[in-house]
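A.B. asks: This structure is in structure tokens; I'll ask about it shortly.
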Amino acid sequence: MRTFDLSPLFRSTVGFDHLARMLDAAARLDDQTVSYPPYNIEKLDEDHYRITMAVAGFAEGDLELTAQGQTLVITGRAQKDEANTAQLLHRGIAGRSFERRFELAETIRVTGASLVNGLLHVDLVREVPEAMKPRTIAITGKPAEQPKVIENKAA
């Protein structure tokens with residue numbers, strides 16, 4: 001795997017240190033961590049998203065969702081089924097514990113979660129603050145007023 005030195009980029013920017021942390025974390029992931037449990041990220045419309053994660057064998061009590069800052073953490077803790085004493089000849093349904101982290105944009109908020117037929121659905125919405133929305137500037141026929149000079153020290 002290649003490593004990239006992004007330090008020249010961050011020498012001339014301010015406030016993008018979280019981007020450096022995200023890139024560093026992405027570079028440290030291994031393929032085994034990325035593959036379990038499988039998930040989809042869907043864009044439902046302009047402002048609504050959904051993360052769908054296959055969590056077969058997990059009950060609602062086995063799953064925990066935590067949103068803190070810009071990070072969504074989904075944790076699954078596998079419960080040992082001691083009542084089932086059958087000898088497995090093949091285990092194709094993984095039931096191991098996991099922790100999956102998603103970095104969310106500042107404008108993304110988690111609105112809810114549901115577990116249906118072994119699929120965990122996490123609904124997200126983009127809420128853009130009024131100050132960040134585009135606004136139209138009216139064009140008038142007269143020029144803007146010049147600022148008034150209170151003191152003139154050019155004497």
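Going by the structure tokens order, chains are called A, B, ..., each with residues numbered from 1, while ligands are numbered from 1 in the order shown.
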Which residues are close to stretch 115-117 of chain A, i.e. within 12 Å by only C-alpha atoms, leaving aside same-chain residues fewer than 6 positions away? Reply as a list in words.
C.D. replies: Ile51, Thr52, Met53, Ala54, Val55, Ala56, Gly57, Phe58, Ala59, Glu60, Gly61, Asp62, Leu63, Glu64, Leu65 and Asp123 of chain A
A.B. asks: Keeping only N, CA, C and O atoms, take the residues you just selected and write them out as a short mmCIF file (atom, residue, chain, number, x, y, z; two decimals), in the first residue's frame.
C.D. replies:
data_model
loop_
_atom_site.label_atom_id
_atom_site.label_comp_id
_atom_site.auth_asym_id
_atom_site.auth_seq_id
_atom_site.Cartn_x
_atom_site.Cartn_y
_atom_site.Cartn_z
N ILE A 51 -27.95 4.21 5.88
CA ILE A 51 -26.94 3.15 5.99
C ILE A 51 -27.71 1.88 6.29
O ILE A 51 -28.47 1.83 7.25
N THR A 52 -27.54 0.85 5.46
CA THR A 52 -28.17 -0.44 5.68
C THR A 52 -27.08 -1.46 5.93
O THR A 52 -26.18 -1.63 5.10
N MET A 53 -27.14 -2.12 7.09
CA MET A 53 -26.10 -3.06 7.49
C MET A 53 -26.71 -4.44 7.73
O MET A 53 -27.73 -4.55 8.40
N ALA A 54 -26.09 -5.48 7.15
CA ALA A 54 -26.56 -6.85 7.33
C ALA A 54 -26.06 -7.37 8.67
O ALA A 54 -24.86 -7.58 8.85
N VAL A 55 -26.99 -7.57 9.61
CA VAL A 55 -26.64 -8.01 10.96
C VAL A 55 -27.43 -9.25 11.34
O VAL A 55 -28.05 -9.32 12.40
N ALA A 56 -27.41 -10.25 10.46
CA ALA A 56 -28.15 -11.50 10.71
C ALA A 56 -27.67 -12.12 12.01
O ALA A 56 -26.48 -12.19 12.29
N GLY A 57 -28.63 -12.55 12.82
CA GLY A 57 -28.31 -13.20 14.09
C GLY A 57 -28.22 -12.25 15.26
O GLY A 57 -28.09 -12.69 16.40
N PHE A 58 -28.28 -10.94 15.03
CA PHE A 58 -28.23 -9.96 16.11
C PHE A 58 -29.64 -9.48 16.40
O PHE A 58 -30.42 -9.19 15.50
N ALA A 59 -29.98 -9.38 17.68
CA ALA A 59 -31.25 -8.82 18.11
C ALA A 59 -31.05 -7.34 18.43
O ALA A 59 -29.91 -6.85 18.50
N GLU A 60 -32.15 -6.62 18.63
CA GLU A 60 -32.05 -5.20 18.95
C GLU A 60 -31.19 -4.95 20.18
O GLU A 60 -30.44 -3.99 20.23
N GLY A 61 -31.27 -5.82 21.17
CA GLY A 61 -30.49 -5.67 22.39
C GLY A 61 -29.00 -5.92 22.20
O GLY A 61 -28.20 -5.54 23.04
N ASP A 62 -28.63 -6.56 21.09
CA ASP A 62 -27.22 -6.85 20.81
C ASP A 62 -26.52 -5.70 20.10
O ASP A 62 -25.30 -5.71 19.95
N LEU A 63 -27.30 -4.73 19.61
CA LEU A 63 -26.76 -3.63 18.81
C LEU A 63 -26.82 -2.33 19.58
O LEU A 63 -27.76 -2.08 20.33
N GLU A 64 -25.82 -1.49 19.37
CA GLU A 64 -25.77 -0.18 20.01
C GLU A 64 -25.31 0.85 18.99
O GLU A 64 -24.30 0.64 18.30
N LEU A 65 -26.04 1.94 18.87
CA LEU A 65 -25.68 3.04 17.99
C LEU A 65 -25.36 4.25 18.84
O LEU A 65 -26.14 4.60 19.72
N ASP A 123 -31.17 5.97 9.45
CA ASP A 123 -31.59 7.08 8.61
C ASP A 123 -30.84 8.34 9.00
O ASP A 123 -30.69 8.67 10.18
#
A.B. asks: Quick one: DSSP strand (DSSP E or B) residues in stretch 21-149 of chain A, as a ChimeraX atom specification?
C.D. replies: /A:39-43,48-54,63-68,71-76,98-103,108-116,119-126
A.B. asks: For the selection you just gave me, I'd like the residues written to a file as an mmCIF file, in the first residue's frame, keeping C-alpha atoms.
C.D. replies:
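Wrote part-v1.cif, looks like this:
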data_model
loop_
_atom_site.group_PDB
_atom_site.id
_atom_site.type_symbol
_atom_site.label_atom_id
_atom_site.label_comp_id
_atom_site.auth_asym_id
_atom_site.auth_seq_id
_atom_site.Cartn_x
_atom_site.Cartn_y
_atom_site.Cartn_z
ATOM 1 C CA TYR A 39 -23.293 -2.510 4.493
ATOM 2 C CA ASN A 40 -24.736 -0.143 1.899
ATOM 3 C CA ILE A 41 -24.858 3.641 1.953
ATOM 4 C CA GLU A 42 -27.840 4.953 -0.007
ATOM 5 C CA LYS A 43 -28.753 8.466 -1.094
ATOM 6 C CA HIS A 48 -31.744 12.039 3.009
ATOM 7 C CA TYR A 49 -29.359 9.102 3.340
ATOM 8 C CA ARG A 50 -29.576 5.588 4.761
ATOM 9 C CA ILE A 51 -26.939 3.155 5.986
ATOM 10 C CA THR A 52 -28.175 -0.442 5.681
ATOM 11 C CA MET A 53 -26.101 -3.059 7.487
ATOM 12 C CA ALA A 54 -26.563 -6.854 7.333
ATOM 13 C CA LEU A 63 -26.763 -3.631 18.808
ATOM 14 C CA GLU A 64 -25.773 -0.177 20.008
ATOM 15 C CA LEU A 65 -25.678 3.035 17.988
ATOM 16 C CA THR A 66 -23.807 6.055 19.315
ATOM 17 C CA ALA A 67 -23.557 9.445 17.612
ATOM 18 C CA GLN A 68 -20.907 11.662 19.146
ATOM 19 C CA THR A 71 -18.797 10.102 14.354
ATOM 20 C CA LEU A 72 -21.484 7.418 14.213
ATOM 21 C CA VAL A 73 -20.427 4.178 15.928
ATOM 22 C CA ILE A 74 -22.423 0.977 15.403
ATOM 23 C CA THR A 75 -21.472 -1.824 17.778
ATOM 24 C CA GLY A 76 -22.714 -5.412 17.781
ATOM 25 C CA PHE A 98 -18.041 -5.817 15.562
ATOM 26 C CA GLU A 99 -17.611 -2.075 15.729
ATOM 27 C CA ARG A 100 -18.110 0.052 12.626
ATOM 28 C CA ARG A 101 -17.383 3.800 12.559
ATOM 29 C CA PHE A 102 -18.743 6.325 10.081
ATOM 30 C CA GLU A 103 -17.467 9.895 9.865
ATOM 31 C CA ILE A 108 -25.538 15.330 8.710
ATOM 32 C CA ARG A 109 -27.729 14.223 11.636
ATOM 33 C CA VAL A 110 -28.933 10.722 12.566
ATOM 34 C CA THR A 111 -32.748 10.691 12.662
ATOM 35 C CA GLY A 112 -33.498 7.079 13.563
ATOM 36 C CA ALA A 113 -32.729 3.383 13.223
ATOM 37 C CA SER A 114 -34.742 0.205 12.662
ATOM 38 C CA LEU A 115 -33.990 -3.519 12.529
ATOM 39 C CA VAL A 116 -36.059 -5.388 9.915
ATOM 40 C CA LEU A 119 -31.026 -5.541 8.237
ATOM 41 C CA LEU A 120 -30.209 -2.537 10.392
ATOM 42 C CA HIS A 121 -31.359 0.706 8.733
ATOM 43 C CA VAL A 122 -29.890 3.978 10.016
ATOM 44 C CA ASP A 123 -31.590 7.084 8.608
ATOM 45 C CA LEU A 124 -29.616 10.294 8.150
ATOM 46 C CA VAL A 125 -30.640 13.777 7.071
ATOM 47 C CA ARG A 126 -28.634 16.761 5.872
#
A.B. asks: When you draw a straight line from atom CA of A:Arg96 to atom CA of A:Gln70, how long is it in Å?
C.D. replies: 26.2 Å
A.B. asks: To one decimal place, how far is atom CA of A:Glu46 from atom CA of A:Glu130 in Å?
C.D. replies: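 These atoms are spaced 16.5 Å apart.
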A.B. asks: Provide the atom CA of A:His90 to atom CA of A:Ala78 distance in Å, to one decimal place.
C.D. replies: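 Answer for the atom CA of A:His90 to atom CA of A:Ala78 separation: 18.2 Å.
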A.B. asks: Which one of A:Thr107, A:Ser97, A:Gln87, A:Gln146 sits closest to A:Glu127 if you count only C-alpha atoms?
C.D. replies: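 Using only C-alpha atoms, A:Glu127 sits closest to A:Thr107.
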A.B. asks: Which residue gives the smallest distance to A:Gly95 among A:Pro8, A:Met132, A:Ala138, A:Pro37, with only C-alpha atoms counted?
C.D. replies: A:Pro37
